[in-house]
$ cat final01.cif   # mmCIF, C-alpha atoms
data_query
#
loop_
_atom_site.label_atom_id
_atom_site.label_comp_id
_atom_site.auth_asym_id
_atom_site.auth_seq_id
_atom_site.Cartn_x
_atom_site.Cartn_y
_atom_site.Cartn_z
CA MET D 241 -17.04 74.82 -4.87
CA PRO D 242 -19.99 76.11 -6.90
CA ASP D 243 -17.49 78.54 -8.53
CA ASP D 244 -15.69 75.64 -10.17
CA LYS D 245 -18.83 74.36 -11.83
CA PHE D 246 -19.74 77.89 -12.94
CA ASN D 247 -16.29 78.20 -14.52
CA PHE D 248 -16.60 74.83 -16.19
CA LEU D 249 -19.96 75.82 -17.71
CA LEU D 250 -18.53 79.14 -18.88
CA ARG D 251 -15.69 77.33 -20.62
CA MET D 252 -18.15 75.12 -22.47
CA GLY D 253 -20.34 78.08 -23.41
CA ASP D 254 -17.45 80.36 -24.37
CA ASN D 255 -15.88 77.79 -26.72
CA ALA D 256 -19.18 77.39 -28.51
CA LEU D 257 -19.99 81.10 -28.59
CA VAL D 258 -16.60 82.35 -29.78
CA LEU D 259 -16.29 79.72 -32.50
CA SER D 260 -19.87 80.42 -33.55
CA GLN D 261 -19.06 84.12 -33.88
CA ARG D 262 -15.93 83.34 -35.91
CA LEU D 263 -17.85 81.08 -38.29
CA SER D 264 -20.60 83.67 -38.67
CA GLN D 265 -17.98 86.04 -40.08
CA TRP D 266 -17.93 83.80 -43.16
CA CYS D 267 -21.63 84.45 -43.77
CA GLY D 268 -22.05 85.64 -47.35
CA LYS D 269 -18.33 85.16 -48.08
CA GLY D 270 -17.99 81.37 -48.27
CA PRO D 271 -15.93 79.96 -51.15
CA ALA D 272 -19.05 78.22 -52.50
CA LEU D 273 -22.72 78.58 -51.65
CA GLU D 274 -22.82 75.10 -50.07
CA GLU D 275 -19.85 75.89 -47.84
CA ASP D 276 -21.37 79.21 -46.87
CA ILE D 277 -24.58 77.50 -45.77
CA ALA D 278 -22.70 74.70 -44.00
CA LEU D 279 -20.47 77.03 -41.98
CA THR D 280 -23.34 79.20 -40.85
CA ASN D 281 -25.39 76.14 -39.92
CA VAL D 282 -22.51 74.90 -37.78
CA ALA D 283 -22.35 78.39 -36.26
CA LEU D 284 -26.06 78.19 -35.48
CA ASP D 285 -25.69 74.81 -33.76
CA LEU D 286 -22.84 76.15 -31.64
CA LEU D 287 -24.81 79.27 -30.75
CA GLY D 288 -27.70 77.11 -29.55
CA GLN D 289 -25.33 75.03 -27.47
CA ALA D 290 -23.73 78.15 -25.99
CA ARG D 291 -27.17 79.34 -24.86
CA LEU D 292 -27.84 76.04 -23.09
CA TRP D 293 -24.52 76.23 -21.20
CA PHE D 294 -24.91 79.92 -20.32
CA ALA D 295 -28.49 79.52 -19.15
CA TYR D 296 -27.32 76.85 -16.71
CA ALA D 297 -24.25 78.87 -15.65
CA GLY D 298 -26.41 81.92 -14.96
CA GLU D 299 -28.90 79.98 -12.86
CA LEU D 300 -26.11 78.36 -10.89
CA GLU D 301 -24.39 81.67 -10.23
CA GLY D 302 -27.61 83.11 -8.83
CA LYS D 303 -26.74 86.72 -9.62
CA ASP D 304 -29.56 87.23 -12.09
CA ARG D 305 -27.28 87.08 -15.13
CA ASP D 306 -29.00 85.46 -18.09
CA GLU D 307 -27.40 83.99 -21.22
CA ASP D 308 -27.37 87.37 -23.00
CA GLN D 309 -25.62 89.13 -20.15
CA LEU D 310 -22.98 86.42 -20.00
CA ALA D 311 -22.41 86.65 -23.74
CA PHE D 312 -22.52 90.40 -24.25
CA LEU D 313 -21.45 92.02 -21.00
CA ARG D 314 -18.21 90.27 -20.10
CA ASP D 315 -14.74 91.51 -21.04
CA ALA D 316 -12.04 89.48 -22.76
CA HIS D 317 -10.29 88.50 -19.53
CA ASP D 318 -13.56 87.00 -18.24
CA PHE D 319 -13.84 84.69 -21.24
CA ARG D 320 -12.73 81.11 -20.69
CA ASN D 321 -12.54 79.69 -24.21
CA LEU D 322 -9.63 77.84 -25.79
CA LEU D 323 -7.15 80.04 -27.67
CA LEU D 324 -7.80 77.85 -30.70
CA VAL D 325 -11.38 79.01 -31.28
CA GLU D 326 -10.57 82.74 -31.21
CA GLN D 327 -7.92 82.45 -33.95
CA PRO D 328 -8.80 84.44 -37.09
CA ASN D 329 -10.55 82.78 -40.01
CA GLY D 330 -7.52 83.22 -42.32
CA THR D 331 -7.79 81.18 -45.50
CA TYR D 332 -10.42 78.48 -45.88
CA ALA D 333 -7.74 75.93 -44.93
CA ASP D 334 -7.12 77.83 -41.66
CA THR D 335 -10.83 77.83 -40.86
CA LEU D 336 -11.07 74.10 -41.58
CA ALA D 337 -7.97 73.21 -39.57
CA ARG D 338 -9.35 75.10 -36.57
CA GLN D 339 -12.71 73.42 -36.98
CA PHE D 340 -11.28 69.93 -37.37
CA TYR D 341 -9.04 70.14 -34.27
CA PHE D 342 -11.90 71.58 -32.24
CA ASP D 343 -14.63 69.22 -33.49
CA SER D 344 -12.45 66.17 -32.73
CA TRP D 345 -11.89 67.35 -29.16
CA HIS D 346 -15.46 68.57 -28.68
CA TYR D 347 -16.85 65.22 -29.81
CA PHE D 348 -14.82 63.08 -27.38
CA LEU D 349 -15.45 65.54 -24.54
CA LEU D 350 -19.21 65.53 -25.10
CA GLN D 351 -19.20 61.75 -25.31
CA GLU D 352 -17.82 61.65 -21.75
CA LEU D 353 -20.13 64.43 -20.57
CA THR D 354 -23.19 62.37 -21.54
CA LYS D 355 -22.18 60.23 -18.53
CA SER D 356 -21.80 63.24 -16.21
CA SER D 357 -23.00 62.95 -12.60
CA ASP D 358 -24.76 66.27 -13.21
CA ALA D 359 -27.99 65.39 -15.03
CA ARG D 360 -28.33 68.75 -16.74
CA VAL D 361 -24.76 68.62 -18.08
CA ALA D 362 -25.49 65.11 -19.39
CA ASP D 363 -28.70 66.32 -21.07
CA ILE D 364 -26.96 69.23 -22.82
CA ALA D 365 -24.17 66.89 -23.95
CA GLU D 366 -26.66 64.33 -25.27
CA LYS D 367 -28.35 67.05 -27.32
CA SER D 368 -25.09 68.59 -28.54
CA ILE D 369 -23.21 65.45 -29.55
CA LYS D 370 -25.67 64.68 -32.33
CA GLU D 371 -24.87 68.01 -33.92
CA VAL D 372 -21.16 67.80 -33.21
CA SER D 373 -20.78 64.34 -34.77
CA TYR D 374 -22.15 65.89 -37.95
CA HIS D 375 -19.66 68.78 -37.67
CA LEU D 376 -16.80 66.34 -37.20
CA ARG D 377 -17.76 64.11 -40.13
CA ARG D 378 -17.87 67.19 -42.30
CA SER D 379 -14.63 68.86 -41.18
CA GLY D 380 -12.72 65.54 -41.32
CA ASP D 381 -14.06 64.89 -44.79
CA LEU D 382 -12.93 68.29 -46.05
CA VAL D 383 -9.46 67.94 -44.52
CA VAL D 384 -9.10 64.69 -46.49
CA ARG D 385 -10.43 66.20 -49.69
CA LEU D 386 -8.11 69.21 -49.53
CA GLY D 387 -5.12 67.28 -48.14
CA ASP D 388 -5.43 64.54 -50.75
CA GLY D 389 -6.30 67.09 -53.41
CA SER D 390 -4.19 69.31 -55.64
CA GLU D 391 -0.62 70.34 -54.90
CA GLN D 392 -1.84 73.75 -53.80
CA SER D 393 -4.75 72.58 -51.61
CA ARG D 394 -2.46 70.03 -49.96
CA SER D 395 0.25 72.55 -49.09
CA MET D 396 -2.30 75.07 -47.78
CA MET D 397 -4.04 72.45 -45.65
CA GLN D 398 -0.73 71.22 -44.24
CA ALA D 399 0.43 74.76 -43.44
CA ALA D 400 -2.84 75.57 -41.68
CA LEU D 401 -2.76 72.40 -39.57
CA ASP D 402 0.91 73.07 -38.67
CA ASP D 403 0.19 76.69 -37.69
CA LEU D 404 -2.68 75.84 -35.34
CA TRP D 405 -1.09 72.75 -33.81
CA MET D 406 0.36 74.77 -30.90
CA TYR D 407 -3.18 75.68 -29.76
CA THR D 408 -4.22 72.05 -29.29
CA GLY D 409 -2.12 71.48 -26.16
CA GLU D 410 -4.34 73.35 -23.70
CA MET D 411 -7.30 71.12 -24.51
CA PHE D 412 -5.65 68.36 -22.48
CA LYS D 413 -4.14 70.33 -19.58
CA ALA D 414 -5.94 70.27 -16.25
CA ASP D 415 -6.13 73.10 -13.73
CA ALA D 416 -7.96 73.35 -10.38
CA VAL D 417 -11.36 73.74 -12.06
CA ASP D 418 -10.85 70.54 -14.07
CA GLU D 419 -9.60 68.66 -11.03
CA ALA D 420 -12.72 69.63 -9.08
CA MET D 421 -14.98 68.60 -11.98
CA THR D 422 -13.21 65.26 -12.36
CA ALA D 423 -13.37 64.59 -8.60
CA GLN D 424 -17.14 65.11 -8.70
CA SER D 425 -17.50 62.99 -11.87
CA ILE D 426 -19.04 65.97 -13.64
CA ALA D 427 -16.41 66.02 -16.41
CA PRO D 428 -13.59 63.74 -17.56
CA ALA D 429 -9.92 64.48 -16.84
CA PRO D 430 -8.72 66.52 -19.84
CA ALA D 431 -5.66 64.29 -20.28
CA ASP D 432 -7.92 61.25 -20.81
CA LEU D 433 -9.27 62.82 -24.01
CA HIS D 434 -5.85 62.98 -25.62
CA ALA D 435 -5.56 59.36 -26.79
CA PRO D 436 -8.95 59.16 -28.60
CA TRP D 437 -8.45 62.66 -30.02
CA LEU D 438 -5.00 61.86 -31.36
CA ALA D 439 -6.12 58.53 -32.81
CA HIS D 440 -8.91 60.20 -34.75
CA VAL D 441 -6.75 63.13 -35.91
CA GLN D 442 -3.97 60.73 -36.93
CA GLY D 443 -6.40 58.62 -38.96
CA ILE D 444 -7.64 61.64 -40.90
CA PHE D 445 -4.07 62.92 -41.47
CA GLU D 446 -3.09 59.54 -42.91
CA GLU D 447 -6.09 59.40 -45.20
CA ALA D 448 -5.34 62.96 -46.29
CA THR D 449 -1.66 62.11 -46.96
CA LEU D 450 -0.70 64.87 -44.51
CA VAL D 451 2.14 64.91 -42.00
CA LEU D 452 1.25 65.06 -38.32
CA PRO D 453 3.13 67.85 -36.48
CA PRO D 454 5.65 66.64 -33.85
CA ALA D 455 4.15 65.38 -30.59
CA ASN D 456 6.71 67.24 -28.49
CA ALA D 457 6.02 70.63 -30.13
CA TRP D 458 5.82 73.66 -27.86
CA MET D 459 2.23 74.40 -26.87
CA GLN D 460 0.53 77.73 -26.19
CA GLN D 461 -1.93 78.03 -23.31
CA GLY D 462 -3.91 80.46 -21.15
CA GLY D 463 -7.31 80.91 -22.79
CA ARG D 464 -9.14 78.76 -20.27
CA GLN D 465 -7.75 80.97 -17.50
CA GLY D 466 -8.67 84.23 -19.24
CA LYS D 467 -5.31 85.03 -20.86
CA HIS D 468 -6.13 85.49 -24.52
CA THR D 469 -4.48 86.37 -27.79
CA GLU D 470 -5.08 89.87 -29.16
CA HIS D 471 -7.72 88.48 -31.52
CA LEU D 472 -10.43 87.95 -28.91
CA GLY D 473 -10.78 91.65 -28.06
CA TYR D 474 -11.54 92.56 -31.67
CA LEU D 475 -14.03 89.72 -31.96
CA LEU D 476 -15.85 90.83 -28.80
CA ALA D 477 -15.82 94.47 -29.85
CA GLU D 478 -17.81 93.55 -32.92
CA MET D 479 -20.07 91.02 -31.21
CA GLN D 480 -20.84 93.11 -28.13
CA PHE D 481 -21.05 96.57 -29.67
CA LEU D 482 -24.81 96.85 -29.83
CA GLN D 483 -25.47 95.78 -26.24
CA ARG D 484 -22.65 97.99 -24.96
CA ALA D 485 -23.83 101.05 -26.89
CA TYR D 486 -27.55 100.51 -26.30
CA PRO D 487 -27.90 98.49 -23.08
CA GLY D 488 -30.95 96.23 -23.09
CA ALA D 489 -31.71 96.86 -26.78
CA GLN D 490 -34.13 94.31 -28.22
CA TRP D 491 -35.87 93.65 -31.48
CA MET K 72 -59.82 66.18 -7.97
CA VAL K 73 -60.51 66.30 -11.67
CA ASN K 74 -62.03 69.55 -12.73
CA ALA K 75 -64.94 68.77 -15.05
CA THR K 76 -64.53 72.02 -17.00
CA LEU K 77 -60.94 71.30 -18.06
CA PRO K 78 -60.45 69.95 -21.57
CA ALA K 79 -58.96 66.45 -21.56
CA THR K 80 -55.32 66.15 -22.54
CA GLU K 81 -56.39 64.05 -25.58
CA GLN K 82 -58.42 67.05 -26.72
CA ILE K 83 -55.39 69.32 -26.29
CA TRP K 84 -53.21 66.92 -28.31
CA GLY K 85 -55.83 67.25 -31.04
CA TRP K 86 -55.57 71.04 -30.99
CA LEU K 87 -51.78 70.87 -31.06
CA HIS K 88 -52.12 68.74 -34.16
CA GLU K 89 -53.34 71.91 -35.89
CA VAL K 90 -50.22 73.93 -35.04
CA PRO K 91 -48.01 73.90 -38.14
CA ASP K 92 -44.24 73.82 -38.03
CA PRO K 93 -43.24 77.38 -39.09
CA GLU K 94 -40.50 76.17 -41.47
CA VAL K 95 -42.40 73.21 -42.88
CA PRO K 96 -46.07 74.22 -42.58
CA ALA K 97 -47.22 70.96 -44.22
CA ILE K 98 -46.69 69.11 -40.96
CA SER K 99 -47.77 69.87 -37.42
CA VAL K 100 -45.56 70.15 -34.37
CA VAL K 101 -47.07 66.85 -33.20
CA ASP K 102 -46.18 65.12 -36.50
CA LEU K 103 -42.67 66.45 -36.15
CA GLY K 104 -42.42 64.77 -32.76
CA ILE K 105 -41.36 67.78 -30.74
CA VAL K 106 -44.30 67.74 -28.29
CA ARG K 107 -43.24 65.40 -25.52
CA ASP K 108 -46.02 65.77 -23.01
CA VAL K 109 -49.25 67.57 -22.18
CA ALA K 110 -50.38 67.71 -18.56
CA TRP K 111 -52.52 69.74 -16.20
CA GLN K 112 -50.82 71.10 -13.13
CA GLU K 113 -52.89 72.18 -10.16
CA ASP K 114 -51.17 74.67 -7.91
CA GLY K 115 -54.03 76.17 -5.94
CA ASP K 116 -55.22 78.83 -8.39
CA GLU K 117 -56.46 78.16 -11.87
CA PRO K 118 -54.97 74.91 -13.24
CA GLU K 119 -52.08 75.36 -15.62
CA CYS K 120 -51.59 73.45 -18.85
CA VAL K 121 -47.94 72.40 -19.18
CA VAL K 122 -46.81 71.54 -22.69
CA THR K 123 -43.35 69.97 -22.80
CA ILE K 124 -41.48 70.44 -26.06
CA THR K 125 -38.03 69.39 -27.21
CA PRO K 126 -35.82 71.27 -29.67
CA THR K 127 -34.91 69.62 -32.97
CA TYR K 128 -31.53 71.34 -33.19
CA SER K 129 -30.24 73.30 -30.19
CA GLY K 130 -29.88 76.43 -32.32
CA CYS K 131 -33.17 76.04 -34.16
CA PRO K 132 -34.47 79.60 -34.56
CA ALA K 133 -38.04 78.32 -34.98
CA MET K 134 -38.42 77.16 -31.38
CA GLY K 135 -39.52 80.58 -30.15
CA VAL K 136 -42.17 80.84 -32.84
CA ILE K 137 -43.35 77.30 -32.13
CA ALA K 138 -43.73 78.02 -28.40
CA GLN K 139 -45.70 81.18 -29.22
CA ALA K 140 -47.94 79.37 -31.73
CA ILE K 141 -48.72 76.64 -29.20
CA SER K 142 -49.69 79.15 -26.50
CA GLU K 143 -51.85 81.15 -28.92
CA THR K 144 -53.65 78.10 -30.30
CA LEU K 145 -54.50 76.85 -26.82
CA ARG K 146 -55.69 80.30 -25.76
CA GLN K 147 -58.02 80.39 -28.75
CA HIS K 148 -59.52 77.18 -27.43
CA GLY K 149 -60.04 78.76 -24.01
CA VAL K 150 -56.96 77.44 -22.23
CA ASN K 151 -55.70 80.60 -20.60
CA ARG K 152 -52.87 79.41 -18.43
CA VAL K 153 -50.28 77.73 -20.62
CA ARG K 154 -46.66 77.05 -19.70
CA LEU K 155 -44.08 75.75 -22.16
CA ALA K 156 -41.40 73.53 -20.65
CA THR K 157 -38.29 72.46 -22.54
CA GLN K 158 -36.89 68.97 -22.26
CA LEU K 159 -33.53 68.03 -23.80
CA SER K 160 -33.32 64.35 -22.96
CA PRO K 161 -33.96 61.95 -24.59
CA ALA K 162 -32.73 64.06 -27.50
CA TRP K 163 -35.10 64.49 -30.43
CA THR K 164 -34.40 62.38 -33.49
CA THR K 165 -36.24 62.09 -36.79
CA ASP K 166 -37.46 58.70 -35.50
CA TRP K 167 -39.96 60.72 -33.46
CA MET K 168 -41.60 61.94 -36.63
CA SER K 169 -44.96 60.26 -37.27
CA GLU K 170 -45.64 58.14 -40.35
CA SER K 171 -48.41 60.52 -41.42
CA GLY K 172 -45.92 63.36 -40.97
CA LYS K 173 -43.48 61.65 -43.34
CA THR K 174 -46.22 61.17 -45.94
CA LYS K 175 -47.21 64.83 -45.68
CA LEU K 176 -43.57 65.91 -46.05
CA LYS K 177 -43.27 63.97 -49.29
CA GLY K 178 -46.48 65.51 -50.62
CA TYR K 179 -45.03 68.94 -49.80
CA GLY K 180 -41.93 68.20 -51.92
CA ILE K 181 -39.49 67.32 -49.14
CA ALA K 182 -38.04 63.81 -49.11
CA PRO K 183 -38.64 62.31 -45.65
CA PRO K 184 -35.76 60.61 -43.78
CA VAL K 185 -35.28 57.13 -45.27
CA GLN K 186 -33.45 55.49 -42.42
CA GLN K 187 -33.61 55.35 -38.69
CA ALA K 188 -31.37 57.80 -36.92
CA ILE K 189 -29.36 54.99 -35.36
CA ASP K 190 -25.79 56.02 -36.08
CA ILE K 191 -26.28 59.66 -35.27
CA SER K 192 -23.17 59.84 -33.09
CA GLY K 193 -20.89 58.00 -35.48
CA ILE K 194 -17.91 59.93 -36.83
CA SER K 195 -16.71 57.68 -39.63
CA ARG K 196 -16.40 59.57 -42.91
CA ARG K 197 -17.73 56.75 -45.01
CA ARG K 198 -21.30 55.81 -44.34
CA ASN K 199 -23.68 53.74 -46.35
CA THR K 200 -26.85 55.60 -46.93
CA ALA K 201 -29.95 54.23 -48.54
CA PRO K 202 -30.92 55.83 -51.88
CA ILE K 203 -33.07 58.93 -51.49
CA ALA K 204 -36.14 58.95 -53.71
CA CYS K 205 -37.02 62.19 -55.50
CA PRO K 206 -40.30 63.48 -53.99
CA HIS K 207 -41.37 64.76 -57.42
CA CYS K 208 -40.84 61.79 -59.76
CA GLY K 209 -39.89 58.96 -57.41
CA SER K 210 -36.55 58.26 -59.10
CA THR K 211 -33.68 57.15 -56.88
CA HIS K 212 -31.10 58.57 -59.29
CA THR K 213 -30.43 61.46 -56.98
CA ARG K 214 -27.34 63.01 -55.50
CA VAL K 215 -26.49 65.33 -52.68
CA VAL K 216 -25.69 68.90 -53.66
CA SER K 217 -25.07 70.18 -50.15
CA GLU K 218 -25.18 68.50 -46.74
CA PHE K 219 -26.88 71.63 -45.46
CA GLY K 220 -29.99 73.07 -47.04
CA SER K 221 -32.38 75.91 -46.32
CA THR K 222 -32.61 74.91 -42.63
CA SER K 223 -30.40 72.88 -40.29
CA CYS K 224 -32.64 69.85 -40.55
CA LYS K 225 -32.48 69.53 -44.33
CA ALA K 226 -29.88 68.68 -46.99
CA LEU K 227 -30.07 69.82 -50.60
CA TYR K 228 -30.44 67.11 -53.28
CA ARG K 229 -30.96 67.01 -56.99
CA CYS K 230 -32.73 64.44 -59.13
CA ASP K 231 -30.73 63.25 -62.15
CA ASP K 232 -33.88 62.11 -63.95
CA CYS K 233 -36.41 64.94 -63.63
CA ARG K 234 -33.60 67.46 -62.99
CA GLU K 235 -35.46 69.09 -60.11
CA PRO K 236 -33.70 70.10 -56.91
CA PHE K 237 -35.31 69.05 -53.65
CA ASP K 238 -34.85 69.16 -49.89
CA TYR K 239 -34.14 66.00 -47.93
CA PHE K 240 -35.08 65.89 -44.25
CA LYS K 241 -31.93 64.35 -42.78
CA PRO K 242 -32.06 61.43 -40.36
CA HIS K 243 -30.74 63.12 -37.24
#
$ encode --input "final01.cif" --output "structure tokens"
Amino acid sequence: MPDDKFNFLLRMGDNALVLSQRLSQWCGKGPALEEDIALTNVALDLLGQARLWFAYAGELEGKDRDEDQLAFLRDAHDFRNLLLVEQPNGTYADTLARQFYFDSWHYFLLQELTKSSDARVADIAEKSIKEVSYHLRRSGDLVVRLGDGSEQSRSMMQAALDDLWMYTGEMFKADAVDEAMTAQSIAPAPADLHAPWLAHVQGIFEEATLVLPPANAWMQQGGRQGKHTEHLGYLLAEMQFLQRAYPGAQW
Amino acid sequence: MVNATLPATEQIWGWLHEVPDPEVPAISVVDLGIVRDVAWQEDGDEPECVVTITPTYSGCPAMGVIAQAISETLRQHGVNRVRLATQLSPAWTTDWMSESGKTKLKGYGIAPPVQQAIDISGISRRRNTAPIACPHCGSTHTRVVSEFGSTSCKALYRCDDCREPFDYFKPH
């Protein structure tokens, strides 16, 4: 069904867009100038990737919706991003934990998508993975530096990684959309990404002298089907305000 | 049929060589390696010049300005029908940058990428990188201040000898 592919593309675009918006909220408030610049550069990469996914989704849908309409004129229940990426920025450790879990998953997913049977998906993945490998090197590095740092940085990093652990489960759970994408060799089965993801995350935890949360922990889910935490509505209210208040406004 | 009044594509490449990168005006968009192809397309009416470009970073805010600058430059040379096409694959890397482009970067005060962008998709934290020479004094006693600089494509470095900060164009 073309609907399945549209949904798959929205999920890719929404993850990138929502996380980009979250990271942009750090602009001008980073703990150090270098971190401020780094976070906003990562946000910019993700925004560019979101545009590529949305442009394709809009063309495929054939209802004349462009990337801006998909970003600014959909309500929370129409968003298909992971619950993880909409979680608030919290402390810098919270932001890094969110980024590290996401980057690790994003990297292994994109690696598989470069082999997609859909040439345009493969092209977008090939472009994106170069940027995402940089994001992952950076977030992994910082998790190690804070984890294997002072008593305080270690306890904050551990607490942040523990808190967000329950949002990692839905990255590996398949629904009908995923099954259709896997059957057409457009995308990998989500469960297949778990082993490489866990191996990488485990390696960084060890280097950082941190304790990996239990494998059988209870996992939250629903974002990919449009059931979000309360945080997404507030994020969208801020992001979409201008286009909602002044439809078609441009500069 | 070849239209005798159309400028040759080699000529157009030459004109594009005059279009500066908006963020790094010392080098042209051709030096930077983002122009993939120039071709004439005949579709019945007036032939159309199709310039295929590739983004450096997917979120690079300069792409819009670059596309506009290319169209305007070609129009000034009498090419009225210009279409910009975007191509993502093969993805742009700094290996596409010309040698003359790298020399011009250095002259402008930006250290050019010192290694080939071979391990761009690697995720190991520890990577051996060749020493980066300061574009001002040539010393290799330099260190990274920030992995991200004034634009996505650059990192911020500092020279321990001449004490000057400088931008490094990252292998990407």
$ atom_distance --input "final01.cif" --atom1 "atom CA of Gly466 of chain D" --atom2 "atom CA of Leu324 of chain D"
13.1 Å
$ resolve_selection --input "final01.cif" --expression "the PyMOL selection byres ((chain D and resi 356-372) around 8)" --output "PDB file with C-alpha atoms, keeping the file's coordinate frame"
ATOM      1  CA  ASP D 285     -25.690  74.810 -33.760  1.00  0.00           C
ATOM      2  CA  GLN D 289     -25.330  75.030 -27.470  1.00  0.00           C
ATOM      3  CA  LEU D 292     -27.840  76.040 -23.090  1.00  0.00           C
ATOM      4  CA  TRP D 293     -24.520  76.230 -21.200  1.00  0.00           C
ATOM      5  CA  ASP D 343     -14.630  69.220 -33.490  1.00  0.00           C
ATOM      6  CA  HIS D 346     -15.460  68.570 -28.680  1.00  0.00           C
ATOM      7  CA  TYR D 347     -16.850  65.220 -29.810  1.00  0.00           C
ATOM      8  CA  LEU D 350     -19.210  65.530 -25.100  1.00  0.00           C
ATOM      9  CA  GLN D 351     -19.200  61.750 -25.310  1.00  0.00           C
ATOM     10  CA  GLU D 352     -17.820  61.650 -21.750  1.00  0.00           C
ATOM     11  CA  LEU D 353     -20.130  64.430 -20.570  1.00  0.00           C
ATOM     12  CA  THR D 354     -23.190  62.370 -21.540  1.00  0.00           C
ATOM     13  CA  LYS D 355     -22.180  60.230 -18.530  1.00  0.00           C
ATOM     14  CA  SER D 373     -20.780  64.340 -34.770  1.00  0.00           C
ATOM     15  CA  TYR D 374     -22.150  65.890 -37.950  1.00  0.00           C
ATOM     16  CA  HIS D 375     -19.660  68.780 -37.670  1.00  0.00           C
ATOM     17  CA  LEU D 376     -16.800  66.340 -37.200  1.00  0.00           C
ATOM     18  CA  GLN D 424     -17.140  65.110  -8.700  1.00  0.00           C
ATOM     19  CA  SER D 425     -17.500  62.990 -11.870  1.00  0.00           C
ATOM     20  CA  ILE D 426     -19.040  65.970 -13.640  1.00  0.00           C
ATOM     21  CA  ALA D 427     -16.410  66.020 -16.410  1.00  0.00           C
TER      22      ALA D 427
ATOM     23  CA  TYR K 128     -31.530  71.340 -33.190  1.00  0.00           C
ATOM     24  CA  SER K 129     -30.240  73.300 -30.190  1.00  0.00           C
ATOM     25  CA  LEU K 159     -33.530  68.030 -23.800  1.00  0.00           C
ATOM     26  CA  SER K 160     -33.320  64.350 -22.960  1.00  0.00           C
ATOM     27  CA  PRO K 161     -33.960  61.950 -24.590  1.00  0.00           C
ATOM     28  CA  ALA K 162     -32.730  64.060 -27.500  1.00  0.00           C
ATOM     29  CA  TRP K 163     -35.100  64.490 -30.430  1.00  0.00           C
ATOM     30  CA  ILE K 191     -26.280  59.660 -35.270  1.00  0.00           C
ATOM     31  CA  SER K 192     -23.170  59.840 -33.090  1.00  0.00           C
ATOM     32  CA  HIS K 243     -30.740  63.120 -37.240  1.00  0.00           C
TER      33      HIS K 243
END
$ resolve_selection --input "final01.cif" --expression "the PyMOL selection byres ((chain K) within 10 of (chain D))" --output "JSON, numbers by chain"
{"K": [125, 126, 127, 128, 129, 130, 131, 132, 158, 159, 160, 161, 162, 163, 164, 190, 191, 192, 193, 194, 195, 196, 197, 198, 216, 217, 218, 219, 220, 221, 222, 223, 224, 226, 227, 243]}
$ resolve_selection --input "final01.cif" --expression "the PyMOL selection byres ((chain D and resi 245) around 12)" --output "VMD selection string"
chain D and resid 241 to 244 246 to 252 293 to 294 296 to 301 358 361 416 to 427
$ atom_distance --input "final01.cif" --atom1 "atom CA of Pro436 of chain D" --atom2 "atom CA of Gln339 of chain D"
17.0 Å
$ atom_distance --input "final01.cif" --atom1 "atom CA of Pro328 of chain D" --atom2 "atom CA of Gln392 of chain D"
21.0 Å
$ residues_around --input "final01.cif" --residues "Arg146 of chain K" --least-positions-apart "5" --cutoff "12 Å" --atoms "all atoms listed in the file" --output "PyMOL selection string"
chain K and resi 83+86-87+119-120+139-141+151-154
$ residues_around --input "final01.cif" --residues "Glu235 of chain K" --least-positions-apart "2" --cutoff "10 Å" --atoms "only C-alpha atoms" --output "PyMOL selection string"
chain K and resi 205-208+213+228-233+237
$ write_last_selection --input "final01.cif" --atoms "C-alpha atoms" --output "PDB file, keeping the file's coordinate frame"
ATOM      1  CA  CYS K 205     -37.020  62.190 -55.500  1.00  0.00           C
ATOM      2  CA  PRO K 206     -40.300  63.480 -53.990  1.00  0.00           C
ATOM      3  CA  HIS K 207     -41.370  64.760 -57.420  1.00  0.00           C
ATOM      4  CA  CYS K 208     -40.840  61.790 -59.760  1.00  0.00           C
ATOM      5  CA  THR K 213     -30.430  61.460 -56.980  1.00  0.00           C
ATOM      6  CA  TYR K 228     -30.440  67.110 -53.280  1.00  0.00           C
ATOM      7  CA  ARG K 229     -30.960  67.010 -56.990  1.00  0.00           C
ATOM      8  CA  CYS K 230     -32.730  64.440 -59.130  1.00  0.00           C
ATOM      9  CA  ASP K 231     -30.730  63.250 -62.150  1.00  0.00           C
ATOM     10  CA  ASP K 232     -33.880  62.110 -63.950  1.00  0.00           C
ATOM     11  CA  CYS K 233     -36.410  64.940 -63.630  1.00  0.00           C
ATOM     12  CA  PHE K 237     -35.310  69.050 -53.650  1.00  0.00           C
TER      13      PHE K 237
END
$ closest_residue --input "final01.cif" --among "K:Glu143, K:Asp92, K:Asp114, K:Asp102" --to "Thr165 of chain K" --atoms "all atoms listed in the file"
K:Asp102
$ closest_residue --input "final01.cif" --among "K:Ser171, K:Arg234, K:Pro118, K:Ser210" --to "Thr76 of chain K" --atoms "all atoms listed in the file"
K:Pro118
$ closest_residue --input "final01.cif" --among "D:Asp415, D:Glu478, D:Asp308, D:Glu447" --to "Gln490 of chain D" --atoms "only C-alpha atoms"
D:Asp308
$ residues_around --input "final01.cif" --residues "Gln461 of chain D" --least-positions-apart "2" --cutoff "7 Å" --atoms "all atoms listed in the file" --output "ChimeraX atom specification"
/D:407,410,459,463
$ residues_around --input "final01.cif" --residues "Trp458 of chain D" --least-positions-apart "6" --cutoff "12 Å" --atoms "all atoms listed in the file" --output "list in words"
Asp402, Asp403, Leu404, Trp405, Met406, Tyr407, Thr408, Gly409 and Glu410 of chain D
$ residues_around --input "final01.cif" --residues "Asp432 of chain D" --least-positions-apart "2" --cutoff "10 Å" --atoms "only C-alpha atoms" --output "ChimeraX atom specification"
/D:348-349,352,412-413,428-430,434-437
